[in-house]
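**Q** Got a file for you: coords37.cif, mmCIF, C-alpha atoms.
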data_start
#
loop_
_atom_site.label_atom_id
_atom_site.label_comp_id
_atom_site.auth_asym_id
_atom_site.auth_seq_id
_atom_site.Cartn_x
_atom_site.Cartn_y
_atom_site.Cartn_z
CA MET A 399 30.15 3.55 44.66
CA GLY A 400 29.27 6.48 46.91
CA ALA A 401 25.96 4.82 47.77
CA VAL A 402 27.77 1.54 48.56
CA GLY A 403 30.26 3.33 50.81
CA LEU A 404 27.54 5.23 52.68
CA THR A 405 25.49 2.06 53.16
CA ASP A 406 28.51 0.15 54.47
CA MET A 407 29.34 2.96 56.90
CA LEU A 408 25.78 3.04 58.28
CA ALA A 409 25.42 -0.76 58.44
CA GLY A 410 28.50 -1.23 60.57
CA PRO A 411 31.14 -3.98 60.45
CA ARG A 412 28.72 -6.90 60.77
CA LEU A 413 27.25 -6.34 57.28
CA GLY A 414 29.93 -5.89 54.64
CA PHE A 415 28.83 -4.09 51.47
CA LEU A 416 32.31 -3.25 50.21
CA PRO A 417 32.43 -6.08 47.60
CA LEU A 418 29.69 -4.16 45.75
CA LEU A 419 32.31 -1.52 44.89
CA THR A 420 33.19 -3.80 41.96
CA LEU A 421 30.09 -2.37 40.25
CA GLY A 422 32.07 0.83 39.61
CA PRO A 423 34.71 -0.51 37.20
CA THR A 424 32.16 -2.93 35.73
CA PHE A 425 29.85 -0.13 34.65
CA ALA A 426 32.79 2.04 33.63
CA SER A 427 33.81 -0.59 31.05
CA VAL A 428 30.38 -0.35 29.42
CA SER A 429 30.58 3.34 28.51
CA GLY A 430 34.17 4.45 29.03
CA GLY A 431 37.62 3.56 27.81
CA VAL A 432 40.43 1.61 29.43
CA ARG A 433 41.91 4.64 31.20
CA ARG A 434 38.58 5.62 32.69
CA THR A 435 38.02 2.05 33.89
CA VAL A 436 41.42 2.05 35.60
CA LEU A 437 40.65 5.35 37.36
CA VAL A 438 37.27 4.10 38.59
CA GLY A 439 38.88 0.86 39.81
CA ALA A 440 41.54 2.83 41.67
CA LEU A 441 38.80 5.01 43.19
CA ALA A 442 36.98 1.86 44.34
CA VAL A 443 40.13 0.67 46.16
CA ALA A 444 40.63 4.17 47.59
CA ILE A 445 37.08 4.08 49.00
CA CYS A 446 37.48 0.52 50.29
CA LEU A 447 40.65 1.12 52.38
CA PRO A 448 39.44 3.92 54.71
CA LEU A 449 36.03 2.26 55.12
CA SER A 450 37.75 -1.00 56.08
CA SER A 451 39.84 0.89 58.64
CA TYR A 452 36.72 2.64 59.95
CA SER A 453 34.97 -0.72 60.41
CA GLY A 454 38.03 -2.34 61.95
CA VAL A 455 38.42 -5.02 59.29
CA LEU A 456 41.51 -3.67 57.53
CA PHE A 457 44.06 -6.40 56.66
CA THR A 458 41.67 -9.17 57.67
CA ARG A 459 41.38 -12.16 55.38
CA GLN A 460 37.92 -11.19 54.18
CA ASN A 461 38.95 -7.59 53.51
CA ASN A 462 42.04 -8.69 51.59
CA LEU A 463 39.80 -10.88 49.46
CA THR A 464 37.52 -7.88 48.81
CA ILE A 465 40.45 -5.73 47.62
CA ALA A 466 41.72 -8.58 45.44
CA THR A 467 38.22 -8.96 43.96
CA ILE A 468 38.01 -5.24 43.12
CA THR A 469 41.46 -5.41 41.51
CA ALA A 470 40.57 -8.52 39.50
CA VAL A 471 37.24 -7.11 38.33
CA THR A 472 39.00 -3.89 37.33
CA GLY A 473 41.44 -5.89 35.20
CA ALA A 474 38.63 -7.85 33.56
CA SER A 475 36.73 -4.61 32.96
CA MET A 476 39.78 -3.07 31.30
CA LEU A 477 39.90 -6.01 28.89
CA ALA A 478 36.14 -5.73 28.25
CA ALA A 479 36.47 -2.00 27.55
CA HIS A 480 39.35 -2.62 25.16
CA LEU A 481 37.39 -5.28 23.23
CA ARG A 482 34.27 -3.09 23.13
CA ILE A 483 36.15 -0.11 21.74
CA ARG A 484 37.83 -2.29 19.12
CA ARG A 485 34.48 -3.70 18.02
CA GLU A 486 32.95 -0.21 17.87
CA ARG A 487 35.80 0.92 15.63
CA GLU A 488 35.35 -2.11 13.39
CA LEU A 489 31.62 -1.45 13.19
CA ALA A 490 32.25 2.21 12.36
CA ASN A 491 34.58 1.12 9.54
CA VAL A 492 31.97 -1.33 8.24
CA ARG A 493 29.33 1.38 8.27
CA MET A 494 31.65 3.79 6.47
CA VAL A 495 32.32 1.20 3.77
CA ALA A 496 28.61 0.40 3.55
CA GLU A 497 27.72 4.07 3.16
CA THR A 498 30.33 4.45 0.43
CA ALA A 499 28.98 1.35 -1.33
CA GLN A 500 25.46 2.69 -1.00
CA HIS A 501 26.40 5.98 -2.65
CA VAL A 502 28.00 4.04 -5.52
CA LEU A 503 25.26 1.43 -5.87
CA LEU A 504 22.19 3.47 -4.92
CA ARG A 505 23.09 6.96 -5.99
CA PRO A 506 20.87 9.82 -4.83
CA VAL A 507 18.07 10.24 -7.35
CA PRO A 508 17.35 13.70 -8.77
CA ARG A 509 14.62 15.55 -6.93
CA ARG A 510 13.39 16.93 -10.23
CA ALA A 511 13.51 15.37 -13.68
CA GLY A 512 11.75 17.39 -16.35
CA ASP A 513 8.23 18.02 -15.08
CA LEU A 514 8.52 15.31 -12.45
CA ARG A 515 9.15 15.68 -8.74
CA ILE A 516 10.73 12.56 -7.24
CA ALA A 517 11.23 11.22 -3.72
CA VAL A 518 12.87 8.00 -2.58
CA SER A 519 13.06 5.97 0.63
CA TYR A 520 15.20 2.93 1.38
CA THR A 521 15.18 0.88 4.57
CA SER A 522 17.60 -2.04 4.79
CA ALA A 523 16.72 -5.08 6.87
CA THR A 524 20.40 -5.21 7.90
CA ALA A 525 20.87 -1.99 9.86
CA GLU A 526 24.66 -2.27 10.00
CA ALA A 527 24.92 -2.76 6.24
CA ARG A 528 22.55 0.05 5.17
CA ILE A 529 22.13 -1.66 1.76
CA GLY A 530 20.60 -4.90 0.56
CA GLY A 531 18.97 -6.52 -2.44
CA ASP A 532 16.44 -3.80 -3.31
CA LEU A 533 17.37 -1.36 -6.05
CA TYR A 534 16.12 1.80 -7.73
CA GLU A 535 17.35 4.33 -10.26
CA VAL A 536 16.07 7.34 -12.17
CA VAL A 537 17.82 8.33 -15.41
CA THR A 538 17.04 11.27 -17.68
CA THR A 539 17.69 10.18 -21.27
CA PRO A 540 16.93 11.45 -24.79
CA HIS A 541 14.00 9.01 -24.75
CA GLY A 542 12.50 10.45 -21.57
CA VAL A 543 12.84 9.84 -17.85
CA ARG A 544 13.37 6.14 -17.21
CA ILE A 545 12.89 4.46 -13.86
CA ILE A 546 13.64 1.05 -12.43
CA VAL A 547 12.64 -0.38 -9.07
CA GLY A 548 13.57 -3.98 -8.34
CA ASP A 549 14.12 -6.67 -5.74
CA VAL A 550 16.83 -9.31 -5.95
CA GLN A 551 15.91 -12.80 -4.77
CA GLY A 552 17.96 -13.66 -1.70
CA LYS A 553 19.92 -11.58 0.79
CA GLY A 554 23.46 -10.75 1.76
CA LEU A 555 26.46 -9.82 -0.35
CA GLU A 556 25.34 -12.00 -3.25
CA ALA A 557 22.10 -10.01 -3.52
CA VAL A 558 24.05 -6.74 -3.39
CA GLU A 559 26.34 -7.93 -6.20
CA THR A 560 23.33 -8.86 -8.35
CA ALA A 561 21.74 -5.47 -7.68
CA ALA A 562 24.96 -3.83 -8.84
CA VAL A 563 24.83 -5.81 -12.11
CA VAL A 564 21.22 -4.77 -12.74
CA LEU A 565 21.83 -1.11 -12.00
CA GLY A 566 24.99 -0.97 -14.10
CA ALA A 567 23.23 -2.53 -17.08
CA PHE A 568 20.19 -0.27 -16.66
CA ARG A 569 22.21 2.94 -16.49
CA GLU A 570 23.90 2.07 -19.75
CA ALA A 571 20.93 0.60 -21.60
CA ALA A 572 18.56 3.41 -20.59
CA HIS A 573 20.56 5.82 -22.74
CA ASP A 574 21.24 3.44 -25.64
CA GLU A 575 17.92 1.69 -26.23
CA ALA A 576 15.12 3.54 -28.00
CA LYS A 577 12.40 1.31 -26.57
CA LEU A 578 11.83 0.08 -23.05
CA GLN A 579 11.70 -3.52 -24.31
CA GLY A 580 15.30 -3.11 -25.43
CA VAL A 581 16.30 -2.08 -21.92
CA VAL A 582 14.67 -5.23 -20.54
CA ALA A 583 16.53 -7.37 -23.09
CA ARG A 584 19.84 -5.80 -22.07
CA LEU A 585 19.11 -6.53 -18.41
CA GLU A 586 18.33 -10.16 -19.27
CA ASN A 587 21.60 -10.50 -21.15
CA ALA A 588 23.58 -9.02 -18.24
CA LEU A 589 21.91 -11.30 -15.71
CA SER A 590 22.32 -14.41 -17.84
CA ARG A 591 26.08 -14.03 -17.40
CA GLU A 592 25.86 -13.55 -13.64
CA LEU A 593 23.01 -15.57 -12.17
CA SER A 594 22.61 -19.26 -11.57
CA GLY A 595 19.51 -21.03 -12.79
CA GLU A 596 17.55 -20.54 -9.56
CA GLN A 597 18.12 -16.82 -9.04
CA PHE A 598 15.98 -13.98 -10.34
CA VAL A 599 15.17 -10.30 -9.96
CA THR A 600 11.66 -8.86 -9.89
CA ALA A 601 11.61 -5.40 -11.42
CA ILE A 602 9.38 -2.75 -12.83
CA LEU A 603 10.60 -0.32 -15.50
CA ALA A 604 8.84 2.90 -16.37
CA GLU A 605 9.30 5.60 -19.00
CA ILE A 606 7.88 9.10 -18.83
CA THR A 607 8.36 11.33 -21.84
CA ASP A 608 10.04 14.59 -20.89
CA LEU A 609 7.37 17.23 -21.52
CA THR A 610 9.71 20.14 -20.85
CA ASP A 611 11.11 20.01 -24.37
CA LEU A 612 7.60 20.30 -25.79
CA GLY A 613 7.13 23.71 -24.24
CA GLU A 614 3.75 22.84 -22.73
CA VAL A 615 2.10 20.48 -20.29
CA GLN A 616 -0.04 17.96 -22.13
CA GLU A 617 -3.27 16.71 -20.62
CA GLY A 618 -3.95 12.99 -20.60
CA THR A 619 -0.33 11.88 -20.70
CA SER A 620 0.71 8.43 -19.50
CA ILE A 621 3.60 6.39 -18.17
CA THR A 622 4.83 3.38 -20.12
CA VAL A 623 5.46 0.49 -17.74
CA ILE A 624 6.95 -2.99 -18.10
CA ASN A 625 6.37 -5.20 -15.08
CA CYS A 626 8.66 -8.21 -14.66
CA GLY A 627 7.02 -10.09 -11.81
CA HIS A 628 7.06 -7.09 -9.47
CA PRO A 629 4.29 -5.69 -7.22
CA PRO A 630 2.21 -3.21 -9.27
CA PRO A 631 2.66 0.50 -8.59
CA MET A 632 0.01 2.43 -6.70
CA VAL A 633 -1.54 5.33 -8.62
CA LEU A 634 -3.02 8.30 -6.77
CA THR A 635 -4.94 10.71 -8.98
CA ALA A 636 -5.32 14.41 -8.32
CA ASP A 637 -9.05 13.95 -7.58
CA GLY A 638 -8.34 11.52 -4.73
CA GLY A 639 -8.67 8.20 -6.55
CA ARG A 640 -6.26 5.36 -5.83
CA SER A 641 -5.63 2.07 -7.62
CA PHE A 642 -2.94 -0.51 -8.32
CA ALA A 643 -1.75 -0.67 -11.94
CA ASP A 644 -1.73 -4.44 -12.49
CA PRO A 645 -0.11 -5.52 -15.78
CA PRO A 646 -2.49 -6.91 -18.43
CA GLU A 647 -0.30 -10.01 -18.76
CA GLU A 648 1.86 -11.72 -16.17
CA ALA A 649 5.57 -11.83 -17.03
CA LEU A 650 8.47 -13.70 -15.47
CA PRO A 651 11.07 -11.90 -13.36
CA LEU A 652 14.41 -10.94 -14.88
CA GLY A 653 16.88 -13.78 -15.10
CA MET A 654 14.26 -16.40 -15.99
CA ALA A 655 14.17 -15.91 -19.75
CA SER A 656 15.40 -19.47 -20.25
CA LEU A 657 12.00 -20.74 -19.09
CA LYS A 658 10.46 -19.24 -22.23
CA GLY A 659 7.61 -17.60 -20.40
CA ALA A 660 5.50 -14.77 -21.78
CA GLU A 661 7.52 -11.71 -22.67
CA ALA A 662 6.87 -8.59 -20.66
CA VAL A 663 4.35 -6.41 -22.48
CA PRO A 664 4.39 -2.62 -22.03
CA HIS A 665 1.21 -1.03 -20.75
CA GLN A 666 0.15 2.52 -20.04
CA ILE A 667 -0.71 4.18 -16.75
CA GLY A 668 -2.67 7.40 -16.89
CA PHE A 669 -0.56 10.24 -15.53
CA GLU A 670 -1.86 13.80 -15.52
CA PRO A 671 -0.66 16.91 -13.66
CA GLY A 672 -1.19 16.41 -9.93
CA ASP A 673 -1.16 12.61 -10.09
CA GLN A 674 1.27 10.48 -8.08
CA VAL A 675 2.71 7.03 -8.72
CA LEU A 676 4.34 5.02 -5.94
CA PHE A 677 6.78 2.27 -6.92
CA TYR A 678 7.77 -0.06 -4.09
CA THR A 679 9.22 -3.48 -3.27
CA ASP A 680 7.52 -6.39 -1.54
CA GLY A 681 9.25 -5.50 1.73
CA VAL A 682 6.58 -2.78 2.07
CA ILE A 683 3.39 -4.76 1.47
CA GLU A 684 4.68 -7.92 3.19
CA ALA A 685 5.70 -6.14 6.40
CA ARG A 686 3.71 -7.58 9.33
CA ASP A 687 2.82 -6.27 12.74
CA GLY A 688 2.90 -8.32 15.95
CA THR A 689 -0.40 -10.03 15.07
CA GLY A 690 0.75 -11.03 11.59
CA ARG A 691 -1.30 -8.38 9.76
CA PHE A 692 0.24 -7.09 6.53
CA TYR A 693 0.90 -3.38 6.08
CA PRO A 694 -2.26 -1.82 4.53
CA LEU A 695 -0.59 0.31 1.88
CA ALA A 696 -3.81 1.37 0.14
CA ALA A 697 -5.34 2.50 3.44
CA ARG A 698 -2.26 4.62 4.17
CA ALA A 699 -2.20 6.34 0.78
CA HIS A 700 -3.53 9.55 2.32
CA LEU A 701 -0.10 10.07 3.94
CA LEU A 702 1.24 10.93 0.48
CA ASN A 703 -1.03 13.94 0.05
CA GLY A 704 1.53 16.45 1.30
CA SER A 705 2.88 19.18 -0.95
CA ASP A 706 6.49 18.02 -0.47
CA PRO A 707 7.00 14.52 -1.99
CA GLN A 708 9.98 13.64 0.20
CA LEU A 709 8.25 14.67 3.44
CA ALA A 710 5.16 12.70 2.37
CA LEU A 711 7.22 9.60 1.61
CA ASP A 712 9.10 9.95 4.90
CA ALA A 713 5.73 10.02 6.69
CA LEU A 714 4.73 6.80 4.93
CA ARG A 715 8.02 5.15 5.90
CA ALA A 716 7.59 6.21 9.53
CA ASP A 717 4.09 4.74 9.52
CA LEU A 718 5.45 1.49 8.06
CA LEU A 719 8.03 1.21 10.85
CA ARG A 720 5.36 1.94 13.48
CA HIS A 721 3.19 -0.79 12.00
CA VAL A 722 5.98 -3.37 12.27
CA GLY A 723 7.23 -2.16 15.65
CA LYS A 724 10.66 -3.75 15.18
CA PRO A 725 13.41 -3.97 12.54
CA LEU A 726 12.10 -5.05 9.15
CA ASN A 727 12.56 -8.64 8.04
CA ASP A 728 13.11 -7.56 4.44
CA ASP A 729 14.46 -4.50 2.65
CA ALA A 730 11.85 -1.90 1.77
CA ALA A 731 12.36 0.57 -1.08
CA MET A 732 9.85 3.19 -2.22
CA LEU A 733 10.05 5.70 -5.05
CA LEU A 734 7.34 8.34 -5.44
#
Show this structure as structure tokens.

**A**
Amino acid sequence: MGAVGLTDMLAGPRLGFLPLLTLGPTFASVSGGVRRTVLVGALAVAICLPLSSYSGVLFTRQNNLTIATITAVTGASMLAAHLRIRRERELANVRMVAETAQHVLLRPVPRRAGDLRIAVSYTSATAEARIGGDLYEVVTTPHGVRIIVGDVQGKGLEAVETAAVVLGAFREAAHDEAKLQGVVARLENALSRELSGEQFVTAILAEITDLTDLGEVQEGTSITVINCGHPPPMVLTADGGRSFADPPEEALPLGMASLKGAEAVPHQIGFEPGDQVLFYTDGVIEARDGTGRFYPLAARAHLLNGSDPQLALDALRADLLRHVGKPLNDDAAMLL
């Protein structure tokens, strides 16, 4: 507004720049509240009056129209500021509820479980919601450390509700069932009561025997894995090798047991001291850049070589977001 006033003073009465003073309350409504917008509008009128007198146009028809325009724009800006503040408060409440729901649904995983060090990363495709249809959990049980990473078909609240059913059933079954196949059966039973015939959940379940109770670190240990239609985990060995642990037999996702497909068969993944296993959802490997190129997860495996698992996983997530260059189209969960 100071620049407008100075320009009008230098230009003289033939060129009237005073209507541009309406920019003041307009911009004030973008960042300030109603009171601040009113003050800026009043300041615009206070600048307009002496400049109009200086130029000899005070109380002319055109000048009266300019003052009326500033007043009207100030009123509209006050309304805009009020609506913006109300929406910001509503959005803050939504985010608070979403964060609370996230802590209930996706609880923070333990950083250590027995001899394991664990890191997790979750990026929701819906930034305001913070949560979506991807799920993960790590539970320490008498049968060992049990892990689930899954992806619910679909999006929105319905996907979140299904993820809650899966996680609730897993947390209970992981302690009760002696074998991993029993945990899968419990998840199928829970989903059969909740899902329609066309919905499903891809998931991978893993079990690592807790070696702490044995009093020694065993060489040549392994992870028992059951893959229910989920992308295979990536294994990084201590000597620098990397591979994807594809299941020996394809199995249907959870919730599709009625199709009588092949039952999920457990298989073993070699897991020795210094090795890493990355579980992830398809939102990671199906993320595309501007040219349509998928994220090359295997080529970025070197980012996980850091000594701190969480920092290494954060570096991989940052690289994923750089590859896409925009908000993700699908949720992306990773557990290392």

**Q** May I ask for the distance between atom CA of Phe669 of chain A and atom CA of Pro631 of chain A, given in Å to one decimal place?

**A**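 Those two atoms sit 12.4 Å apart.
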
**Q** Measuring atom to atom with all atoms listed in the file, identify which of A:Leu418, A:Ala697, A:Ile621, A:Leu726 is nearest to His665 of chain A.

**A**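 Selected residue with least distance to His665 of chain A: A:Ile621.
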
**Q** Please compute the atom CA of Met399 of chain A-atom CA of Leu419 of chain A distance, one decimal, in Å.

**A**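 If I compute the distance from atom CA of Met399 of chain A to atom CA of Leu419 of chain A, I get 5.5 Å.
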
**Q** Around the point (3.7, 16.9, -1.4), in the coordinates given by the file, pick out the residues reaching within 12 Å, counting all atoms listed in the file, and return them as a list in words.

**A** Arg515, Ile516, Ala517, Ala636, Gly672, Asp673, Gln674, His700, Leu701, Leu702, Asn703, Gly704, Ser705, Asp706, Pro707, Gln708, Leu709, Ala710, Leu711, Asp712, Ala713, Leu714 and Leu734 of chain A

**Q** Excluding segment 468-475 of chain A and any residue of its chain fewer than 4 positions from it, enumerate the residues within 12 Å of it, using all atoms listed in the file, and give them as a ChimeraX atom specification.

**A** /A:399,416-447,461-464,479-482

**Q** At what distance in Å, to one decimal, does atom CA of Ala649 of chain A lie from atom CA of Glu570 of chain A?

**A**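 Rounded to one decimal, the two atoms are 23.2 Å apart.
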
**Q** Give as a list in words the residues that the PyMOL selection byres ((chain A and resi 535-545) around 8) matches when applied to the coordinates above.

**A**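 Applied to this file, the PyMOL selection byres ((chain A and resi 535-545) around 8) selects Leu504, Arg505, Val507, Pro508, Ala511, Gly512, Leu533, Tyr534, Ile546, Val547, Leu565, Arg569, Ala572, His573, Ala576, Leu603, Ala604, Glu605, Ile606, Thr607 and Asp608 of chain A.
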
**Q** From the options A:Leu477, A:Ala685, A:Leu589, A:Leu503, which residue's atoms come nearest to Pro725 of chain A, counting all atoms listed in the file?

**A**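 Looking at the shortest contact to Pro725 of chain A, the residue is A:Ala685.
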
**Q** Could you write out as an MDAnalysis selection string the residues that the PyMOL selection byres ((chain A and resi 687) around 9) matches in the shown file?

**A** chainID A and resid 685:686 688:693 720:724

**Q** Go ahead and save the picked residues with C-alpha atoms, as a CSV table (one decimal), in the frame of the given file.

**A**
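Wrote part_30.csv, looks like this:
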chain,number,residue,atom,x,y,z
A,685,ALA,CA,5.7,-6.1,6.4
A,686,ARG,CA,3.7,-7.6,9.3
A,688,GLY,CA,2.9,-8.3,16.0
A,689,THR,CA,-0.4,-10.0,15.1
A,690,GLY,CA,0.8,-11.0,11.6
A,691,ARG,CA,-1.3,-8.4,9.8
A,692,PHE,CA,0.2,-7.1,6.5
A,693,TYR,CA,0.9,-3.4,6.1
A,720,ARG,CA,5.4,1.9,13.5
A,721,HIS,CA,3.2,-0.8,12.0
A,722,VAL,CA,6.0,-3.4,12.3
A,723,GLY,CA,7.2,-2.2,15.6
A,724,LYS,CA,10.7,-3.8,15.2

**Q** For Ala567 of chain A, please output as a PDB file with C-alpha atoms, in the coordinates of the input all residues within 9 Å (counting only C-alpha atoms; exclusion window: fewer than 6 positions along the same chain).

**A**
ATOM      1  CA  VAL A 581      16.300  -2.080 -21.920  1.00  0.00           C
ATOM      2  CA  ARG A 584      19.840  -5.800 -22.070  1.00  0.00           C
ATOM      3  CA  LEU A 585      19.110  -6.530 -18.410  1.00  0.00           C
ATOM      4  CA  ALA A 588      23.580  -9.020 -18.240  1.00  0.00           C
ATOM      5  CA  LEU A 589      21.910 -11.300 -15.710  1.00  0.00           C
TER       6      LEU A 589
END
